[in-house]
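What follows is input-v2.cif (mmCIF, C-alpha atoms).
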data_data
loop_
_atom_site.label_atom_id
_atom_site.label_comp_id
_atom_site.auth_asym_id
_atom_site.auth_seq_id
_atom_site.Cartn_x
_atom_site.Cartn_y
_atom_site.Cartn_z
CA MET A 257 46.68 5.11 77.65
CA ARG A 258 44.02 2.87 79.21
CA ALA A 259 43.63 3.16 82.97
CA SER A 260 44.57 -0.54 83.33
CA LEU A 261 48.12 0.45 82.35
CA LEU A 262 48.43 3.04 85.12
CA ALA A 263 50.78 2.35 87.99
CA PRO A 264 48.91 0.81 90.97
CA ALA A 265 49.71 3.80 93.19
CA LEU A 266 48.18 6.21 90.70
CA ALA A 267 45.12 4.01 90.22
CA ALA A 268 44.66 3.93 94.00
CA ALA A 269 44.97 7.71 94.18
CA LEU A 270 42.22 8.16 91.62
CA LEU A 271 39.89 6.09 93.81
CA ALA A 272 40.94 7.55 97.17
CA PRO A 273 38.11 9.05 99.22
CA ALA A 274 37.64 12.72 98.36
CA PRO A 275 37.30 15.36 101.08
CA LEU A 276 33.70 15.49 102.23
CA ALA A 277 33.50 19.17 101.41
CA ALA A 278 33.92 18.27 97.73
CA GLN A 279 31.04 15.79 97.76
CA ALA A 280 27.29 16.01 97.95
CA THR A 281 25.69 14.98 101.23
CA PHE A 282 23.17 12.16 100.99
CA THR A 283 20.56 11.54 103.67
CA TYR A 284 19.37 7.96 104.05
CA GLN A 285 15.61 7.39 104.27
CA VAL A 286 13.43 4.28 104.38
CA VAL A 287 10.60 4.91 101.91
CA ASP A 288 8.76 1.69 102.76
CA ALA A 289 9.94 -0.65 105.51
CA ALA A 290 8.19 -3.59 103.82
CA GLY A 291 8.09 -3.05 100.07
CA PRO A 292 6.69 -5.55 97.57
CA SER A 293 8.05 -9.03 98.27
CA ASP A 294 11.31 -9.76 96.41
CA PRO A 295 11.41 -6.34 94.71
CA TRP A 296 13.06 -7.18 91.42
CA GLY A 297 11.96 -4.11 89.43
CA LYS A 298 12.42 -0.41 90.14
CA SER A 299 11.67 2.64 88.03
CA ALA A 300 10.97 6.35 88.18
CA GLY A 301 8.54 8.58 86.29
CA ASP A 302 5.66 11.00 86.69
CA VAL A 303 2.86 8.52 87.41
CA ASP A 304 0.16 11.04 88.36
CA GLY A 305 1.02 13.81 85.88
CA ASP A 306 1.77 16.45 88.50
CA GLY A 307 5.22 17.28 87.14
CA LEU A 308 7.09 15.45 89.90
CA VAL A 309 9.01 12.21 89.44
CA ASP A 310 7.60 9.27 91.40
CA LEU A 311 9.22 5.96 92.38
CA LEU A 312 7.88 2.56 91.27
CA VAL A 313 8.71 -0.90 92.64
CA GLN A 314 7.48 -4.31 91.52
CA GLY A 315 8.04 -7.65 93.23
CA ASN A 316 8.57 -11.20 92.07
CA GLY A 317 5.34 -12.29 93.74
CA GLY A 318 4.69 -9.01 95.51
CA GLY A 319 2.70 -6.84 93.07
CA LEU A 320 3.41 -3.39 91.63
CA VAL A 321 3.26 -0.14 93.60
CA TRP A 322 4.25 3.50 93.18
CA TYR A 323 5.39 6.09 95.71
CA GLU A 324 4.07 9.61 95.15
CA SER A 325 6.65 12.41 95.22
CA PRO A 326 7.55 14.37 97.27
CA ALA A 327 6.26 12.57 100.40
CA LEU A 328 6.57 9.17 98.68
CA ALA A 329 3.21 7.87 99.88
CA ARG A 330 2.47 4.34 98.64
CA HIS A 331 -0.22 3.52 96.04
CA GLU A 332 -1.02 0.21 94.33
CA ILE A 333 -1.14 -0.45 90.59
CA ALA A 334 -1.33 -4.26 90.79
CA PRO A 335 -1.85 -5.62 94.33
CA GLY A 336 -0.57 -9.08 93.42
CA GLY A 337 1.23 -11.01 90.72
CA SER A 338 4.81 -11.82 89.89
CA PHE A 339 6.97 -9.22 88.16
CA SER A 340 10.47 -9.12 86.74
CA THR A 341 13.31 -6.58 86.72
CA ASP A 342 12.20 -3.60 84.64
CA LEU A 343 9.31 -1.20 84.03
CA GLU A 344 8.83 2.28 82.57
CA VAL A 345 6.35 5.17 82.83
CA ALA A 346 5.05 6.43 79.48
CA ASP A 347 1.85 7.63 77.78
CA VAL A 348 1.31 4.47 75.75
CA ASP A 349 -2.15 5.25 74.38
CA GLY A 350 -1.63 8.96 73.70
CA ASP A 351 -4.42 10.19 76.00
CA LEU A 352 -2.06 12.53 77.91
CA THR A 353 -2.34 10.30 81.00
CA PRO A 354 0.70 8.37 82.22
CA ASP A 355 0.67 4.60 81.82
CA VAL A 356 3.14 1.95 83.01
CA VAL A 357 4.91 -0.64 80.83
CA ALA A 358 5.95 -3.60 82.98
CA ILE A 359 7.75 -6.88 82.56
CA ALA A 360 5.76 -9.49 84.47
CA VAL A 361 7.02 -13.02 84.92
CA GLY A 362 6.46 -14.55 81.48
CA GLU A 363 4.67 -11.55 79.97
CA LEU A 364 5.27 -8.02 78.71
CA ARG A 365 2.24 -5.81 79.44
CA TRP A 366 1.13 -2.23 80.01
CA TYR A 367 -1.17 -0.75 82.63
CA GLU A 368 -3.55 2.00 81.58
CA GLY A 369 -3.59 4.92 83.99
CA PRO A 370 -5.28 5.94 86.13
CA SER A 371 -7.58 2.87 86.31
CA TRP A 372 -4.57 0.54 85.95
CA SER A 373 -6.33 -1.87 83.64
CA ALA A 374 -3.80 -4.44 82.37
CA HIS A 375 -3.19 -4.92 78.64
CA PRO A 376 -0.99 -7.84 77.51
CA ILE A 377 1.56 -7.19 74.76
CA GLU A 378 3.23 -10.59 74.40
CA ALA A 379 3.93 -13.72 76.43
CA ARG A 380 7.72 -13.73 76.69
CA THR A 381 10.36 -13.91 79.43
CA LEU A 382 12.31 -10.64 79.51
CA HIS A 383 14.73 -8.74 81.73
CA ASP A 384 15.03 -5.16 80.36
CA VAL A 385 12.63 -2.85 78.53
CA GLU A 386 12.87 0.66 77.04
CA VAL A 387 10.04 2.82 75.68
CA ALA A 388 10.40 5.44 72.92
CA ASP A 389 9.05 6.49 69.54
CA PHE A 390 11.78 4.67 67.67
CA ASP A 391 10.30 5.11 64.18
CA LEU A 392 9.20 8.73 64.79
CA ASP A 393 5.61 8.06 63.71
CA GLY A 394 4.04 9.75 66.74
CA ASP A 395 3.35 6.80 69.01
CA LEU A 396 5.50 4.87 71.45
CA ASP A 397 7.26 1.61 70.66
CA LEU A 398 9.19 -0.83 72.83
CA VAL A 399 12.49 -2.67 72.82
CA ALA A 400 13.24 -5.45 75.30
CA ARG A 401 15.83 -8.09 76.07
CA ASN A 402 16.21 -11.12 78.28
CA GLN A 403 19.47 -12.18 79.98
CA GLY A 404 22.05 -14.95 79.85
CA GLY A 405 21.73 -17.40 76.98
CA SER A 406 18.27 -16.02 76.24
CA GLY A 407 19.73 -12.53 75.97
CA ASP A 408 20.82 -13.31 72.40
CA ALA A 409 18.16 -11.11 70.79
CA LEU A 410 16.59 -7.69 71.00
CA HIS A 411 12.81 -7.73 70.78
CA LEU A 412 11.28 -4.73 69.00
CA TYR A 413 7.57 -3.97 69.35
CA ARG A 414 6.05 -1.52 66.88
CA GLN A 415 2.82 0.00 68.14
CA ASP A 416 0.09 0.00 65.49
CA ALA A 417 -2.55 0.68 68.17
CA PRO A 418 -2.40 0.55 71.98
CA THR A 419 -3.59 -3.05 71.86
CA VAL A 420 -1.87 -4.02 68.59
CA TRP A 421 1.89 -4.61 68.65
CA VAL A 422 4.03 -5.99 65.83
CA HIS A 423 7.06 -7.95 67.06
CA ARG A 424 10.39 -8.56 65.40
CA SER A 425 13.72 -9.68 66.83
CA LEU A 426 17.34 -8.75 66.18
CA ALA A 427 20.00 -11.38 66.85
CA LEU A 428 23.08 -10.41 68.89
CA PRO A 429 25.60 -12.19 71.11
CA ALA A 430 24.13 -13.61 74.32
CA GLY A 431 24.36 -11.29 77.28
CA GLU A 432 22.47 -8.76 79.37
CA GLY A 433 21.92 -5.02 79.49
CA LEU A 434 20.12 -2.37 77.44
CA ALA A 435 20.02 1.41 77.15
CA THR A 436 18.84 3.97 74.59
CA ALA A 437 20.58 7.14 73.39
CA ASP A 438 21.08 9.14 70.19
CA VAL A 439 24.56 7.74 69.65
CA ASP A 440 25.05 9.04 66.10
CA ARG A 441 23.35 12.40 66.80
CA ASP A 442 20.85 12.08 63.95
CA GLY A 443 17.72 12.83 65.96
CA ASP A 444 16.49 9.32 66.78
CA LEU A 445 17.24 6.90 69.61
CA ASP A 446 19.71 4.09 69.05
CA LEU A 447 20.27 1.05 71.26
CA LEU A 448 23.26 0.30 73.49
CA VAL A 449 24.23 -3.09 74.87
CA GLU A 450 27.53 -4.43 76.14
CA ALA A 451 30.33 -3.65 73.67
CA ARG A 452 28.08 -2.66 70.75
CA TRP A 453 25.45 -0.17 69.67
CA ILE A 454 22.64 -0.71 67.21
CA GLU A 455 21.82 2.06 64.74
CA ASN A 456 18.16 3.02 64.42
CA PRO A 457 17.02 3.28 60.76
CA ARG A 458 13.82 5.07 61.88
CA SER A 459 11.79 2.06 60.86
CA LEU A 460 10.42 -0.98 62.65
CA ALA A 461 9.30 -2.65 59.45
CA PRO A 462 10.39 -6.30 59.10
CA SER A 463 12.72 -5.36 56.24
CA SER A 464 14.47 -2.48 58.01
CA VAL A 465 18.15 -2.95 58.82
CA TRP A 466 19.36 -2.12 62.32
CA THR A 467 23.13 -2.01 61.81
CA GLN A 468 25.24 -3.24 64.72
CA HIS A 469 28.49 -1.44 65.53
CA VAL A 470 31.07 -3.03 67.84
CA TYR A 471 32.47 -0.20 69.93
CA SER A 472 34.75 -2.35 72.12
CA THR A 473 36.65 -5.61 71.81
CA SER A 474 38.24 -5.19 75.26
CA TRP A 475 34.96 -5.59 77.20
CA THR A 476 34.19 -9.32 77.37
CA TRP A 477 31.82 -9.60 80.36
CA ASP A 478 28.45 -10.59 78.92
CA ALA A 479 26.13 -9.97 81.92
CA THR A 480 26.46 -6.19 81.95
CA PHE A 481 24.52 -3.26 83.35
CA VAL A 482 24.59 -0.50 80.72
CA ALA A 483 24.20 3.26 81.11
CA ALA A 484 24.67 6.10 78.61
CA GLY A 485 25.66 9.74 78.93
CA ASP A 486 28.20 12.37 77.88
CA VAL A 487 30.88 11.59 80.46
CA ASP A 488 33.61 13.84 79.07
CA GLY A 489 31.43 16.78 78.04
CA ASP A 490 32.32 16.71 74.35
CA GLY A 491 28.72 16.54 73.13
CA ARG A 492 28.82 12.84 72.26
CA VAL A 493 27.09 9.99 74.07
CA ASP A 494 29.46 7.64 75.90
CA ALA A 495 28.74 4.24 77.48
CA VAL A 496 29.27 3.19 81.10
CA LEU A 497 29.42 -0.55 81.83
CA ALA A 498 29.44 -2.60 85.04
CA PRO A 499 29.72 -6.39 85.49
CA SER A 500 26.62 -8.04 86.88
CA GLU A 501 25.17 -11.33 88.17
CA SER A 502 28.14 -13.52 89.17
CA ALA A 503 29.10 -13.45 92.86
CA GLY A 504 32.77 -14.13 93.43
CA GLY A 505 33.97 -12.92 90.04
CA SER A 506 36.19 -9.91 89.49
CA TYR A 507 36.07 -7.38 86.66
CA ARG A 508 36.02 -3.60 86.28
CA ILE A 509 33.67 -0.64 85.89
CA ALA A 510 34.56 1.42 82.82
CA TRP A 511 33.34 4.13 80.49
CA PHE A 512 33.82 4.13 76.75
CA GLU A 513 34.56 7.40 74.97
CA ALA A 514 32.68 7.80 71.70
CA PRO A 515 34.70 9.24 68.80
CA ALA A 516 33.39 11.75 66.28
CA ASP A 517 32.49 8.82 64.05
CA ALA A 518 30.56 6.54 66.39
CA GLY A 519 31.06 3.64 64.01
CA GLN A 520 34.76 3.54 64.87
CA PRO A 521 36.18 1.86 68.02
CA TRP A 522 35.57 3.71 71.30
CA THR A 523 38.32 4.34 73.85
CA GLU A 524 37.95 2.52 77.18
CA HIS A 525 38.68 4.34 80.46
CA GLU A 526 38.55 2.50 83.76
CA ILE A 527 36.53 3.99 86.60
CA ASP A 528 37.28 1.21 89.09
CA PRO A 529 39.80 -1.42 87.98
CA ALA A 530 38.69 -4.29 90.24
CA VAL A 531 35.16 -4.89 91.55
CA GLU A 532 33.12 -7.98 92.31
CA SER A 533 30.90 -8.91 89.39
CA VAL A 534 27.61 -8.34 91.22
CA HIS A 535 26.93 -4.76 90.09
CA HIS A 536 23.28 -4.90 89.02
CA PHE A 537 23.19 -1.13 88.69
CA VAL A 538 25.25 1.64 87.20
CA GLY A 539 23.90 5.06 86.29
CA VAL A 540 25.09 8.51 85.24
CA ALA A 541 23.88 11.91 86.42
CA ASP A 542 25.23 15.26 87.59
CA LEU A 543 24.93 14.59 91.30
CA ASP A 544 26.89 17.56 92.64
CA GLY A 545 25.83 20.33 90.28
CA ASP A 546 29.22 20.91 88.72
CA ARG A 547 27.88 20.32 85.21
CA ASP A 548 29.61 17.00 84.55
CA LEU A 549 28.22 13.49 84.89
CA ASP A 550 29.06 11.36 87.89
CA VAL A 551 28.57 7.59 88.11
CA ALA A 552 26.52 5.76 90.75
CA ALA A 553 26.75 2.00 91.21
CA ALA A 554 25.62 -0.73 93.60
CA GLU A 555 26.53 -4.31 94.41
CA MET A 556 23.82 -6.89 95.03
CA HIS A 557 23.57 -8.20 98.58
CA GLN A 558 24.76 -11.72 97.66
CA GLY A 559 28.23 -10.36 97.03
CA ALA A 560 31.11 -10.50 99.48
CA ASP A 561 30.65 -7.94 102.26
CA PRO A 562 30.67 -5.00 102.21
CA ASP A 563 28.05 -4.64 99.45
CA GLU A 564 28.67 -1.08 98.40
CA VAL A 565 26.17 1.53 97.25
CA LYS A 566 28.45 4.25 95.98
CA VAL A 567 29.13 7.28 93.84
CA TYR A 568 32.19 7.82 91.67
CA TRP A 569 32.75 11.56 91.40
CA ASN A 570 33.88 12.79 88.00
CA GLY A 571 36.98 14.94 88.46
CA GLY A 572 36.49 16.46 85.01
CA ALA A 573 36.11 14.98 81.53
CA GLY A 574 36.11 11.48 83.00
CA ALA A 575 39.87 11.60 83.56
CA ALA A 576 39.88 10.94 87.32
CA TRP A 577 37.36 9.46 89.75
CA THR A 578 36.95 9.53 93.53
CA LYS A 579 34.70 7.01 95.26
CA GLN A 580 32.23 7.80 98.03
CA VAL A 581 30.49 4.86 99.70
CA LEU A 582 26.91 5.62 100.78
CA ALA A 583 26.05 2.23 102.26
CA ALA A 584 27.49 -1.26 102.72
CA THR A 585 24.21 -3.21 102.59
CA GLY A 586 23.77 -3.47 98.81
CA SER A 587 21.02 -2.65 96.33
CA HIS A 588 19.72 -3.70 92.92
CA SER A 589 18.40 -2.04 89.74
CA MET A 590 18.49 1.38 91.37
CA ARG A 591 17.11 4.60 89.87
CA LEU A 592 18.55 8.11 89.69
CA ALA A 593 15.84 10.80 89.77
CA ASP A 594 14.68 13.87 91.67
CA LEU A 595 12.30 11.93 93.91
CA ASP A 596 11.79 14.56 96.61
CA GLY A 597 11.16 17.46 94.24
CA ASP A 598 14.01 19.68 95.43
CA GLY A 599 15.87 20.01 92.14
CA ASP A 600 18.74 17.57 92.57
CA ILE A 601 19.15 13.89 91.71
CA ASP A 602 18.51 11.27 94.38
CA LEU A 603 19.30 7.56 94.47
CA ALA A 604 16.70 4.88 95.28
CA GLY A 605 16.53 1.11 95.28
CA ALA A 606 16.06 -2.12 97.22
CA ASN A 607 17.72 -5.49 97.55
CA TRP A 608 16.02 -7.97 95.23
CA SER A 609 15.41 -11.01 97.43
CA GLY A 610 14.61 -12.02 100.98
CA GLY A 611 10.91 -11.17 101.11
CA HIS A 612 9.63 -7.69 101.96
CA GLN A 613 12.85 -5.73 101.69
CA PRO A 614 12.92 -2.03 102.61
CA VAL A 615 12.63 0.44 99.75
CA GLU A 616 15.47 2.89 100.35
CA LEU A 617 16.28 6.46 99.32
CA TRP A 618 19.52 8.37 99.50
CA ALA A 619 18.27 11.96 99.28
CA ASN A 620 20.80 14.31 97.71
CA GLY A 621 21.58 17.51 99.54
CA ALA A 622 23.51 19.13 96.70
CA ALA A 623 22.81 22.73 95.80
CA ILE A 624 22.25 22.81 92.05
CA PHE A 625 22.66 26.07 90.12
CA VAL A 626 20.51 26.50 87.01
CA ASP A 627 20.82 29.76 85.06
CA GLY A 628 22.16 31.51 88.12
CA PHE A 629 19.43 30.33 90.49
CA GLU A 630 20.06 27.83 93.24
CA THR A 631 17.80 24.82 93.74
CA GLY A 632 18.05 21.70 95.83
CA ASP A 633 18.61 23.46 99.17
CA THR A 634 15.18 24.24 100.60
CA SER A 635 16.66 25.65 103.80
CA ARG A 636 17.61 28.75 101.78
CA TRP A 637 14.17 29.38 100.28
#
Rendering of file as structure tokens:
Amino acid sequence: MRASLLAPALAAALLAPAPLAAQATFTYQVVDAAGPSDPWGKSAGDVDGDGLVDLLVQGNGGGLVWYESPALARHEIAPGGSFSTDLEVADVDGDLTPDVVAIAVGELRWYEGPSWSAHPIEARTLHDVEVADFDLDGDLDLVARNQGGSGDALHLYRQDAPTVWVHRSLALPAGEGLATADVDRDGDLDLLVEARWIENPRSLAPSSVWTQHVYSTSWTWDATFVAAGDVDGDGRVDAVLAPSESAGGSYRIAWFEAPADAGQPWTEHEIDPAVESVHHFVGVADLDGDRDLDVAAAEMHQGADPDEVKVYWNGGAGAAWTKQVLAATGSHSMRLADLDGDGDIDLAGANWSGGHQPVELWANGAAIFVDGFETGDTSRW
């Protein structure tokens, strides 16, 4: 039975605040009191190659910077320029040095580390980008998407050389949102958007067929933030969707259970049955160390107050969820990563408009057990 058919009292019970003892403790920190102006884009990755995950932020007019883990000291990649909503850390040119792929306003480009020389890929307006070796030929390729009416295509970029990219597009219904995962468990990365997944044929040739599979007909919100992960612990990749962009609207946050045959319809399960449609972030990670995936989400600050930054705790196999609100001031395009190097997953972000917004971190205090050893609680070391 879908969660929308549950009695209201039961639905409310699933979302009731859990006892604090059952939840991780998050400590709020301001990483940068005046981050890049209008910080549209956030990301996380090992920028300096030291094995620690760093935080990146780019502004719509405010340049591109990174914050070095664990102290999160600020460094510049591009001191000026206008950037959009997504960027990724990856070794684009295969020299074993991290680079950064960024969506600038009107252009997709990559920055060569550590000099941060800029290399244009294509002049195009985009919203989301993912980096992976999609055709398994040993170098990295890209997939990107815009939003709204212009989000009616996926843009694939095959790398023939670090400065030579071959573009092709795949038509799909207009919308927003993009994630990658090995949905069919065949060893390559497929693409996930709202309500459908696109099967990777291990080729980016113009003649290759990327088959689209509709996994849901019940999800109809087109501006969607998409995340992927094994929510129920059955070894298959599931999808988590949140409604984005439209202040004043109402929809739901839900996860979609993948069947053994991913080409068949997926079962929808509601996480939160009624939220404002301004959730420009949803992500999945094991935040409390209990070996299942929890869901983090955030409302943009233009929504009706309070603008929640929150975690939905997975009660087991995605069957029940308890909500913990971390802040009421909103955030946008957040990232889940171990940003302080203590072994657990933190939450970072910033509101997207209003000038030099603070870059914020919710540092996780969970004790994570890996192979019998405890990490994430440095007071015990």
Legend entry - Å distance separating CA of Glu526 in chain A from CA of Asp442 in chain A, one decimal place: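 Between CA of Glu526 in chain A and CA of Asp442 in chain A the gap works out to 28.2 Å.
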Kindly provide, as AutoDock Vina command-line options, the centre and edge lengths (Å, one decimal) of an axis-aligned box around all atoms of range 414-431 of chain A given in the file, with 8 Å on each side.
--center_x 11.0 --center_y -6.5 --center_z 71.3 --size_x 45.2 --size_y 30.3 --size_z 27.9
Legend entry - Result set, the PyMOL selection byres ((chain A and resi 485-500) around 6) on current file, as a ChimeraX atom specification: /A:439,479-484,501,509-514,533-536,549,573-574
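Proximity of A:Gly621, A:Trp421, A:Val615, A:Leu343 to Ala289 in chain A, computed with all atoms listed in the file, is greatest for A:Val615.
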Legend entry - Separation of CA of Leu445 in chain A from CA of Leu426 in chain A, in Å and rounded to one decimal: 16.0 Å
Legend entry - Å distance separating CA of Ile333 in chain A from CA of Trp608 in chain A, one decimal place: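 Computing the Euclidean distance for CA of Ile333 in chain A and CA of Trp608 in chain A yields 19.3 Å.
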Inset, instruction - Would you please work out which residue, of A:Ala374, A:Ile601, A:Ala360, A:Leu382, is nearest to Ala541 in chain A when using all atoms listed in the file? - result: A:Ile601
Inset, instruction - Pick out the residues sitting within 8 Å of range 292-296 of chain A, and hand them over as a VMD selection string; count all atoms listed in the file, and ignore anything fewer than 4 positions along from it in its own chain. - result: chain A and resid 313 to 321 339 to 342 588 to 589 606 to 613
Inset, instruction - Kindly resolve the PyMOL selection byres ((chain A and resi 466) around 12) on the present coordinates and return the residues as JSON, numbers by chain. - result: {"A": [390, 391, 410, 412, 424, 425, 426, 427, 428, 445, 446, 447, 453, 454, 455, 456, 457, 458, 459, 460, 461, 462, 463, 464, 465, 467, 468, 469]}
Inset, instruction - Could you check which of A:Tyr284, A:Ser338, A:Arg380, A:Leu396 is closest to His411 in chain A, using only C-alpha atoms? - result: A:Arg380
List the residues selected by the PyMOL selection byres ((chain A and resi 622) around 6) in the file shown, writing them as a PDB file with C-alpha atoms, in the frame of the given file.
ATOM      1  CA  ALA A 280      27.290  16.010  97.950  1.00  0.00           C
ATOM      2  CA  ASP A 544      26.890  17.560  92.640  1.00  0.00           C
ATOM      3  CA  ASN A 620      20.800  14.310  97.710  1.00  0.00           C
ATOM      4  CA  GLY A 621      21.580  17.510  99.540  1.00  0.00           C
ATOM      5  CA  ALA A 623      22.810  22.730  95.800  1.00  0.00           C
TER       6      ALA A 623
END
Legend entry - Which of A:Ala417, A:Ala300, A:Leu603, A:Ile377 sits closest to Glu363 in chain A [using all atoms listed in the file]: A:Ile377
Legend entry - Residue neighbourhood range 323-332 of chain A, 8 Å, all atoms listed in the file, exclusion window fewer than 5 positions, as a list in words: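 Skipping anything fewer than 5 positions along the chain leaves Val287, Asp288, Val303, Asp304, Leu308, Val309, Asp310, Leu311, Leu312, Leu595, Asp596 and Gly597 of chain A.
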Inset, instruction - Starting from the point (33.9, 11.4, 91.0), work out which residues of protein, DNA or RNA have an atom no more than 7 Å away when counting all atoms listed in the file; state them as a PyMOL selection string. - result: chain A and resi 550+567-571+577-579
Legend entry - Nearest-residue call for Thr585 in chain A, choices A:Gly559, A:Gly545, A:Gly599, A:Gly369, using all atoms listed in the file: A:Gly559
Inset, instruction - Just give me the residues with any atom within 10 Å of (26.0, -3.2, 97.9), file coordinates, counting all atoms listed in the file, written as a ChimeraX atom specification. - result: /A:534-537,553-566,581-588,607
Rebuild range 473-490 of chain A so that it carries N, CA, C and O atoms, then output the result as an mmCIF file, in the coordinates of the input.
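File written: rebuild.cif
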data_model
loop_
_atom_site.group_PDB
_atom_site.id
_atom_site.type_symbol
_atom_site.label_atom_id
_atom_site.label_comp_id
_atom_site.auth_asym_id
_atom_site.auth_seq_id
_atom_site.Cartn_x
_atom_site.Cartn_y
_atom_site.Cartn_z
ATOM 1 N N THR A 473 36.254 -4.199 71.774
ATOM 2 C CA THR A 473 36.650 -5.610 71.810
ATOM 3 C C THR A 473 37.323 -5.949 73.129
ATOM 4 O O THR A 473 37.599 -7.122 73.396
ATOM 5 N N SER A 474 37.565 -4.956 73.980
ATOM 6 C CA SER A 474 38.240 -5.190 75.260
ATOM 7 C C SER A 474 37.246 -5.597 76.351
ATOM 8 O O SER A 474 37.631 -6.235 77.328
ATOM 9 N N TRP A 475 35.964 -5.215 76.196
ATOM 10 C CA TRP A 475 34.960 -5.590 77.200
ATOM 11 C C TRP A 475 34.386 -6.951 76.817
ATOM 12 O O TRP A 475 33.746 -7.102 75.785
ATOM 13 N N THR A 476 34.600 -7.950 77.682
ATOM 14 C CA THR A 476 34.190 -9.320 77.370
ATOM 15 C C THR A 476 33.186 -9.884 78.368
ATOM 16 O O THR A 476 32.774 -11.036 78.225
ATOM 17 N N TRP A 477 32.801 -9.124 79.375
ATOM 18 C CA TRP A 477 31.820 -9.600 80.360
ATOM 19 C C TRP A 477 30.428 -9.497 79.745
ATOM 20 O O TRP A 477 30.003 -8.416 79.352
ATOM 21 N N ASP A 478 29.710 -10.625 79.655
ATOM 22 C CA ASP A 478 28.450 -10.590 78.920
ATOM 23 C C ASP A 478 27.270 -10.106 79.763
ATOM 24 O O ASP A 478 26.377 -9.435 79.246
ATOM 25 N N ALA A 479 27.225 -10.443 81.056
ATOM 26 C CA ALA A 479 26.130 -9.970 81.920
ATOM 27 C C ALA A 479 26.496 -8.578 82.423
ATOM 28 O O ALA A 479 27.240 -8.434 83.399
ATOM 29 N N THR A 480 25.994 -7.563 81.752
ATOM 30 C CA THR A 480 26.460 -6.190 81.950
ATOM 31 C C THR A 480 25.293 -5.262 82.230
ATOM 32 O O THR A 480 24.236 -5.355 81.595
ATOM 33 N N PHE A 481 25.468 -4.363 83.185
ATOM 34 C CA PHE A 481 24.520 -3.260 83.350
ATOM 35 C C PHE A 481 25.051 -2.086 82.538
ATOM 36 O O PHE A 481 26.223 -1.728 82.643
ATOM 37 N N VAL A 482 24.184 -1.497 81.712
ATOM 38 C CA VAL A 482 24.590 -0.500 80.720
ATOM 39 C C VAL A 482 23.932 0.843 81.032
ATOM 40 O O VAL A 482 22.725 0.912 81.287
ATOM 41 N N ALA A 483 24.723 1.895 80.999
ATOM 42 C CA ALA A 483 24.200 3.260 81.110
ATOM 43 C C ALA A 483 24.828 4.105 80.007
ATOM 44 O O ALA A 483 25.882 3.758 79.456
ATOM 45 N N ALA A 484 24.189 5.222 79.680
ATOM 46 C CA ALA A 484 24.670 6.100 78.610
ATOM 47 C C ALA A 484 24.626 7.542 79.051
ATOM 48 O O ALA A 484 23.700 7.963 79.756
ATOM 49 N N GLY A 485 25.622 8.326 78.631
ATOM 50 C CA GLY A 485 25.660 9.740 78.930
ATOM 51 C C GLY A 485 26.966 10.350 78.441
ATOM 52 O O GLY A 485 27.934 9.630 78.169
ATOM 53 N N ASP A 486 27.007 11.667 78.364
ATOM 54 C CA ASP A 486 28.200 12.370 77.880
ATOM 55 C C ASP A 486 29.162 12.569 79.045
ATOM 56 O O ASP A 486 29.159 13.603 79.711
ATOM 57 N N VAL A 487 30.004 11.585 79.291
ATOM 58 C CA VAL A 487 30.880 11.590 80.460
ATOM 59 C C VAL A 487 31.943 12.667 80.375
ATOM 60 O O VAL A 487 32.277 13.310 81.380
ATOM 61 N N ASP A 488 32.491 12.902 79.203
ATOM 62 C CA ASP A 488 33.610 13.840 79.070
ATOM 63 C C ASP A 488 33.191 15.223 78.585
ATOM 64 O O ASP A 488 34.047 16.091 78.384
ATOM 65 N N GLY A 489 31.908 15.448 78.380
ATOM 66 C CA GLY A 489 31.430 16.780 78.040
ATOM 67 C C GLY A 489 31.761 17.250 76.647
ATOM 68 O O GLY A 489 31.775 18.460 76.397
ATOM 69 N N ASP A 490 31.975 16.320 75.711
ATOM 70 C CA ASP A 490 32.320 16.710 74.350
ATOM 71 C C ASP A 490 31.124 16.721 73.408
ATOM 72 O O ASP A 490 31.286 16.901 72.201
#
